[in-house]
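Engineer: Input: one structure, supplied below.
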Amino acid sequence: MLNRVRSAVAHLVSSGGAPPPRPKSPDLPNATSVPPAAPPETPKSPPARTGSGSAAPAKTVEARAGFSRPTFLQLSPGGLRRADDHAGRAVQSPPDTGRRLPWSTGYAEVINAGKSRHNEDQACCEVVYVEGRRSVSGAPREPSRGQGLCFYYWGLFDGHAGGGAAEMASRLLHRHIREQLKDLVEILQDPSPPPLCLPSTPGAPVSSDSSHLVGPQSCWSSQKEVTHESLVIGAIENAFQLMDEQMARERRGHQVEGGCCALVVIYLLGKVYVANAGDSRAIIVRNGEIIPMSREFTPETERQRLQLLGFLKPELLGGEFTHLEFPRRVQPKELGQKMLYRDQNMTGWAYKKIELEDLRFPLVCGEGKKARVMATIGVTRGLGDHNLKVCSSTLPIKPFLSCFPEVQVYDLTQYEHCPDDVLVLGTDGLWDVTSDCEVAATVDRVLSAYEPNDPSRYTALAQALVLGARGTPRDRGWRLPNNKLGSGDDISVFIIPLGGPGSYS
């Protein structure tokens with residue numbers, strides 16, 4: 001077992017080679033176009049995007065040989081080489097050519113300092129149109145853009161053990177969300193409560209009556225209130241699950257290696273939905289106030305969920321791990337002694353008599369950034385990782401990893417926002433070395449140097465945050481002004497102005 005732990009540490013420090021070229025697959029309609037009237041089907045993997053959801057020529061895919069950057073960066077072949085340079089670590093942003101990202105969103109990224117061969121982060125920014133699948137009344141209707149919905153979409157995908165999962169999620173997750181919203185188009189535009197059931201056949205009446213469920217002493221005496229907001233949250237959650245299932249199906253044919261954390265923001269009907277699965281984070285900086293919009297999902301933050309699963313399904317531990325946590329690894333000489341421990345029900349600590357099973361390696365071990373599940377992975381939610389196994393073992397880790405995001409909602413209509421109010425999205429490369437307060441201070445410092453109606457101010461802010469986390473090359477490493485180590489990880493940052501699609505004056 002000790003050799004496996006050593007192998008796991010070596011595996012985490014080292015990185016894999018370049019992923020093999022992605023085979024061609026059927027194309028999809030543009031993400032912002034109206035889909036043709038057809039039975040719903042799972043979005044298929046198109047070639048890499050060259051525009052807003054469009055497909056790239058086959059020769060472009062082959063030329064990149066598995067390495068690609070977000071298409072909105074519009075990188076030339078020379079730009080791609082600079083973006084892939086670990087020595088220079090040049091910050092990349094969309095060109096200032098007049099055509100900006102939606103809402104004048106700012107974006108910046110930088111490659112890691114040698115942790116992996118390529119930048120395994122990916123990003124996506126889209127405006128997506130949703131055509132309703134049916135009328136709530138069940139009556140057929142003619143397709144019309146006026147009956148649909150648009151949502152704005154931003155996504156950061158932090159890959160690990162390869163960039164395939166992050167690249168696939170950046171191309172397809174918003175399409176899964178669109179598919180899930182098709183049944184809700186008319187419901188979300190109707191202020192009345194959502195119907196209990198959708199009609200199974202066109203023309204059938206919609207029923208919201210649950211009186212047939214009510215008995216003399218039934219707990220179903222009233223119907224639970226379901227909000228439109230909760231329907232959108234459910235659509236996002238289902239889309240994450242479907243994306244993960246598609247990765248499982250296509251992991252061989254499309255070389256979907258590794259996994260990824262996913263941080264997604266959707267603006268729909270006046271509300272911002274922030275969905276996070278992994279250790280990327282989002283905060284709102286509003287009038288100097290910091291509002292957390294996500295939390296990290298790590299072996300420490302999800303210890304009790306992991307331990308409960310190990311307790312309920314001990315076969316997942318393979319006789320190699322214990323679901324209990326101890327302050328340190330139990331030694332054979334401590335058999336029969338009482339040692340501090342905690343299980344899935346405990347937030348505090350207690351003493352227990354050490355038994356033979358307690359000598360197994362703990363399911364959750366380490367602290368902070370060194371915390372691991374099964375001595376292998378440091379995040380507990382995300383997409384992919386279907387082939388991930390304990391080092392030198394056939395024991396799968398995927399059963400302990402959840403693809404479901406936590407979704408937080410922010411109502412833009414409840415506040416008067418000024419041009420300096422922003423939503424900051426960042427992969428863990430930013431947050432590992434930068435606190436929320438430091439981010440807020442940078443927001444104030446950078447934005448105050450620009451005119452409020454200058455749309456380039458948000459890109460400048462994203463660049464400042466990335467540069468601040470990266471540091472400068474010094475003493476055989478990247479150092480911050482305080483001489484501490486800068487982030488050696490891939491760093492990606494979105495800055496979303498909270499003024500919405502309208503322009504400031």
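In the structure tokens, chains take the letters A, B, ... in the order shown, each chain's residues start at 1, and ligands count up from 1 in the order shown.
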Which residues, written as a VMD selection string, have at least one atom at most 6 Å from Phe157 in chain A, with only C-alpha atoms counted and residues fewer than 3 positions away on the same chain left out?
Structural biologist: chain A and resid 121 to 122 166 260 to 262
Engineer: Skipping near chain neighbours, those fewer than 2 positions away, what residues fall within 9 Å of Ile266 in chain A using only C-alpha atoms, listed as a PyMOL selection string?
Structural biologist: chain A and resi 151-155+264+268+271-275
Engineer: Wanna dump the range 334-438 of chain A-range 461-480 of chain A contacts at 9 Å for me, each residue with its shortest atom pair and the distance in Å to one decimal, counting only C-alpha atoms, ordered by chain and number, as a tab-separated table?
Structural biologist:
residue	atom	partner	partner_atom	distance
A:Val424	CA	A:Ala462	CA	8.6
A:Gly429	CA	A:Ala469	CA	7.4
A:Leu430	CA	A:Ala469	CA	5.6
A:Trp431	CA	A:Ala469	CA	8.1
A:Asp432	CA	A:Ala469	CA	8.4
A:Val433	CA	A:Ala469	CA	6.1
A:Thr434	CA	A:Ala469	CA	6.4
Engineer: Find the spatial neighbours of range 353-363 of chain A, counting only C-alpha atoms, within a cut-off of 6 Å - ignore same-chain residues fewer than 6 positions away - and output them as a list of chain:residue names.
Structural biologist: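 Here the qualifying residues turn out to be A:Glu320, A:Phe321, A:Thr322, A:His323, A:Val330, A:Leu335, A:Gly336, A:Gln337, A:Lys338, A:Val373, A:Met374.
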Engineer: What are the DSSP helix (DSSP H, G or I) residues of range 264-424 of chain A, as a PDB file with N, CA and C atoms, in the first residue's frame?
Structural biologist:
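Full text of part.pdb as output:
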ATOM      1  N   ARG A 303     -15.878  15.589   3.179  1.00  0.00           N
ATOM      2  CA  ARG A 303     -15.446  14.409   3.927  1.00  0.00           C
ATOM      3  C   ARG A 303     -16.616  13.542   4.359  1.00  0.00           C
ATOM      4  N   GLN A 304     -17.649  14.142   4.929  1.00  0.00           N
ATOM      5  CA  GLN A 304     -18.752  13.344   5.465  1.00  0.00           C
ATOM      6  C   GLN A 304     -19.537  12.635   4.365  1.00  0.00           C
ATOM      7  N   ARG A 305     -19.720  13.272   3.225  1.00  0.00           N
ATOM      8  CA  ARG A 305     -20.399  12.598   2.108  1.00  0.00           C
ATOM      9  C   ARG A 305     -19.591  11.390   1.641  1.00  0.00           C
ATOM     10  N   LEU A 306     -18.277  11.558   1.523  1.00  0.00           N
ATOM     11  CA  LEU A 306     -17.419  10.465   1.073  1.00  0.00           C
ATOM     12  C   LEU A 306     -17.411   9.322   2.082  1.00  0.00           C
ATOM     13  N   GLN A 307     -17.297   9.691   3.365  1.00  0.00           N
ATOM     14  CA  GLN A 307     -17.277   8.655   4.401  1.00  0.00           C
ATOM     15  C   GLN A 307     -18.602   7.900   4.468  1.00  0.00           C
ATOM     16  N   LEU A 308     -19.702   8.600   4.300  1.00  0.00           N
ATOM     17  CA  LEU A 308     -21.013   7.941   4.328  1.00  0.00           C
ATOM     18  C   LEU A 308     -21.121   6.927   3.201  1.00  0.00           C
ATOM     19  N   LEU A 309     -20.660   7.297   2.005  1.00  0.00           N
ATOM     20  CA  LEU A 309     -20.715   6.367   0.886  1.00  0.00           C
ATOM     21  C   LEU A 309     -19.834   5.149   1.163  1.00  0.00           C
ATOM     22  N   GLY A 310     -18.640   5.382   1.723  1.00  0.00           N
ATOM     23  CA  GLY A 310     -17.771   4.267   2.059  1.00  0.00           C
ATOM     24  C   GLY A 310     -18.355   3.366   3.140  1.00  0.00           C
ATOM     25  N   PHE A 311     -19.104   3.963   4.068  1.00  0.00           N
ATOM     26  CA  PHE A 311     -19.758   3.194   5.134  1.00  0.00           C
ATOM     27  C   PHE A 311     -20.922   2.364   4.572  1.00  0.00           C
ATOM     28  N   LEU A 312     -21.736   2.970   3.691  1.00  0.00           N
ATOM     29  CA  LEU A 312     -22.902   2.281   3.148  1.00  0.00           C
ATOM     30  C   LEU A 312     -22.514   1.234   2.104  1.00  0.00           C
ATOM     31  N   PRO A 314     -19.211  -0.592   1.517  1.00  0.00           N
ATOM     32  CA  PRO A 314     -17.802  -0.899   1.807  1.00  0.00           C
ATOM     33  C   PRO A 314     -17.095  -1.602   0.661  1.00  0.00           C
ATOM     34  N   GLU A 315     -17.844  -2.221  -0.243  1.00  0.00           N
ATOM     35  CA  GLU A 315     -17.193  -2.889  -1.375  1.00  0.00           C
ATOM     36  C   GLU A 315     -16.449  -1.902  -2.268  1.00  0.00           C
ATOM     37  N   LEU A 316     -16.867  -0.613  -2.228  1.00  0.00           N
ATOM     38  CA  LEU A 316     -16.177   0.404  -3.025  1.00  0.00           C
ATOM     39  C   LEU A 316     -14.773   0.674  -2.499  1.00  0.00           C
ATOM     40  N   LEU A 317     -14.518   0.297  -1.253  1.00  0.00           N
ATOM     41  CA  LEU A 317     -13.204   0.517  -0.644  1.00  0.00           C
ATOM     42  C   LEU A 317     -12.236  -0.610  -0.966  1.00  0.00           C
ATOM     43  N   PRO A 332       0.830  -0.276  13.135  1.00  0.00           N
ATOM     44  CA  PRO A 332       0.504  -1.613  13.686  1.00  0.00           C
ATOM     45  C   PRO A 332       0.761  -1.706  15.184  1.00  0.00           C
ATOM     46  N   LYS A 333       1.761  -1.012  15.691  1.00  0.00           N
ATOM     47  CA  LYS A 333       2.067  -1.084  17.118  1.00  0.00           C
ATOM     48  C   LYS A 333       0.981  -0.450  17.983  1.00  0.00           C
ATOM     49  N   GLU A 334       0.042   0.274  17.348  1.00  0.00           N
ATOM     50  CA  GLU A 334      -1.008   0.960  18.098  1.00  0.00           C
ATOM     51  C   GLU A 334      -2.292   0.132  18.197  1.00  0.00           C
ATOM     52  N   LEU A 356      -7.845  -4.088  13.633  1.00  0.00           N
ATOM     53  CA  LEU A 356      -7.038  -4.441  12.477  1.00  0.00           C
ATOM     54  C   LEU A 356      -7.472  -3.668  11.226  1.00  0.00           C
ATOM     55  N   GLU A 357      -8.788  -3.479  11.036  1.00  0.00           N
ATOM     56  CA  GLU A 357      -9.299  -2.766   9.854  1.00  0.00           C
ATOM     57  C   GLU A 357      -8.849  -1.314   9.816  1.00  0.00           C
ATOM     58  N   ASP A 358      -8.523  -0.744  10.980  1.00  0.00           N
ATOM     59  CA  ASP A 358      -8.122   0.659  11.032  1.00  0.00           C
ATOM     60  C   ASP A 358      -6.720   0.887  10.477  1.00  0.00           C
ATOM     61  N   LEU A 359      -5.974  -0.195  10.231  1.00  0.00           N
ATOM     62  CA  LEU A 359      -4.637  -0.071   9.648  1.00  0.00           C
ATOM     63  C   LEU A 359      -4.688   0.209   8.146  1.00  0.00           C
ATOM     64  N   GLY A 368      -5.695  20.624   3.331  1.00  0.00           N
ATOM     65  CA  GLY A 368      -5.579  21.712   2.366  1.00  0.00           C
ATOM     66  C   GLY A 368      -5.457  21.204   0.941  1.00  0.00           C
ATOM     67  N   LYS A 369      -4.531  21.790   0.177  1.00  0.00           N
ATOM     68  CA  LYS A 369      -4.330  21.394  -1.214  1.00  0.00           C
ATOM     69  C   LYS A 369      -3.740  19.993  -1.337  1.00  0.00           C
ATOM     70  N   LYS A 370      -3.253  19.430  -0.231  1.00  0.00           N
ATOM     71  CA  LYS A 370      -2.693  18.077  -0.269  1.00  0.00           C
ATOM     72  C   LYS A 370      -3.723  17.005   0.096  1.00  0.00           C
ATOM     73  N   LYS A 398     -14.225   6.799  -9.439  1.00  0.00           N
ATOM     74  CA  LYS A 398     -15.393   7.533  -9.929  1.00  0.00           C
ATOM     75  C   LYS A 398     -16.622   7.429  -9.019  1.00  0.00           C
ATOM     76  N   PRO A 399     -16.919   6.276  -8.387  1.00  0.00           N
ATOM     77  CA  PRO A 399     -18.115   6.233  -7.528  1.00  0.00           C
ATOM     78  C   PRO A 399     -18.122   7.281  -6.421  1.00  0.00           C
ATOM     79  N   PHE A 400     -16.963   7.765  -6.027  1.00  0.00           N
ATOM     80  CA  PHE A 400     -16.908   8.768  -4.967  1.00  0.00           C
ATOM     81  C   PHE A 400     -16.956  10.202  -5.508  1.00  0.00           C
ATOM     82  N   LEU A 412     -30.360  39.934 -10.437  1.00  0.00           N
ATOM     83  CA  LEU A 412     -29.809  41.220 -10.873  1.00  0.00           C
ATOM     84  C   LEU A 412     -30.813  42.353 -10.737  1.00  0.00           C
ATOM     85  N   THR A 413     -32.099  42.029 -10.724  1.00  0.00           N
ATOM     86  CA  THR A 413     -33.120  43.081 -10.706  1.00  0.00           C
ATOM     87  C   THR A 413     -33.319  43.681  -9.320  1.00  0.00           C
ATOM     88  N   GLN A 414     -32.721  43.098  -8.295  1.00  0.00           N
ATOM     89  CA  GLN A 414     -32.941  43.567  -6.932  1.00  0.00           C
ATOM     90  C   GLN A 414     -31.995  44.693  -6.522  1.00  0.00           C
TER      91      GLN A 414
END
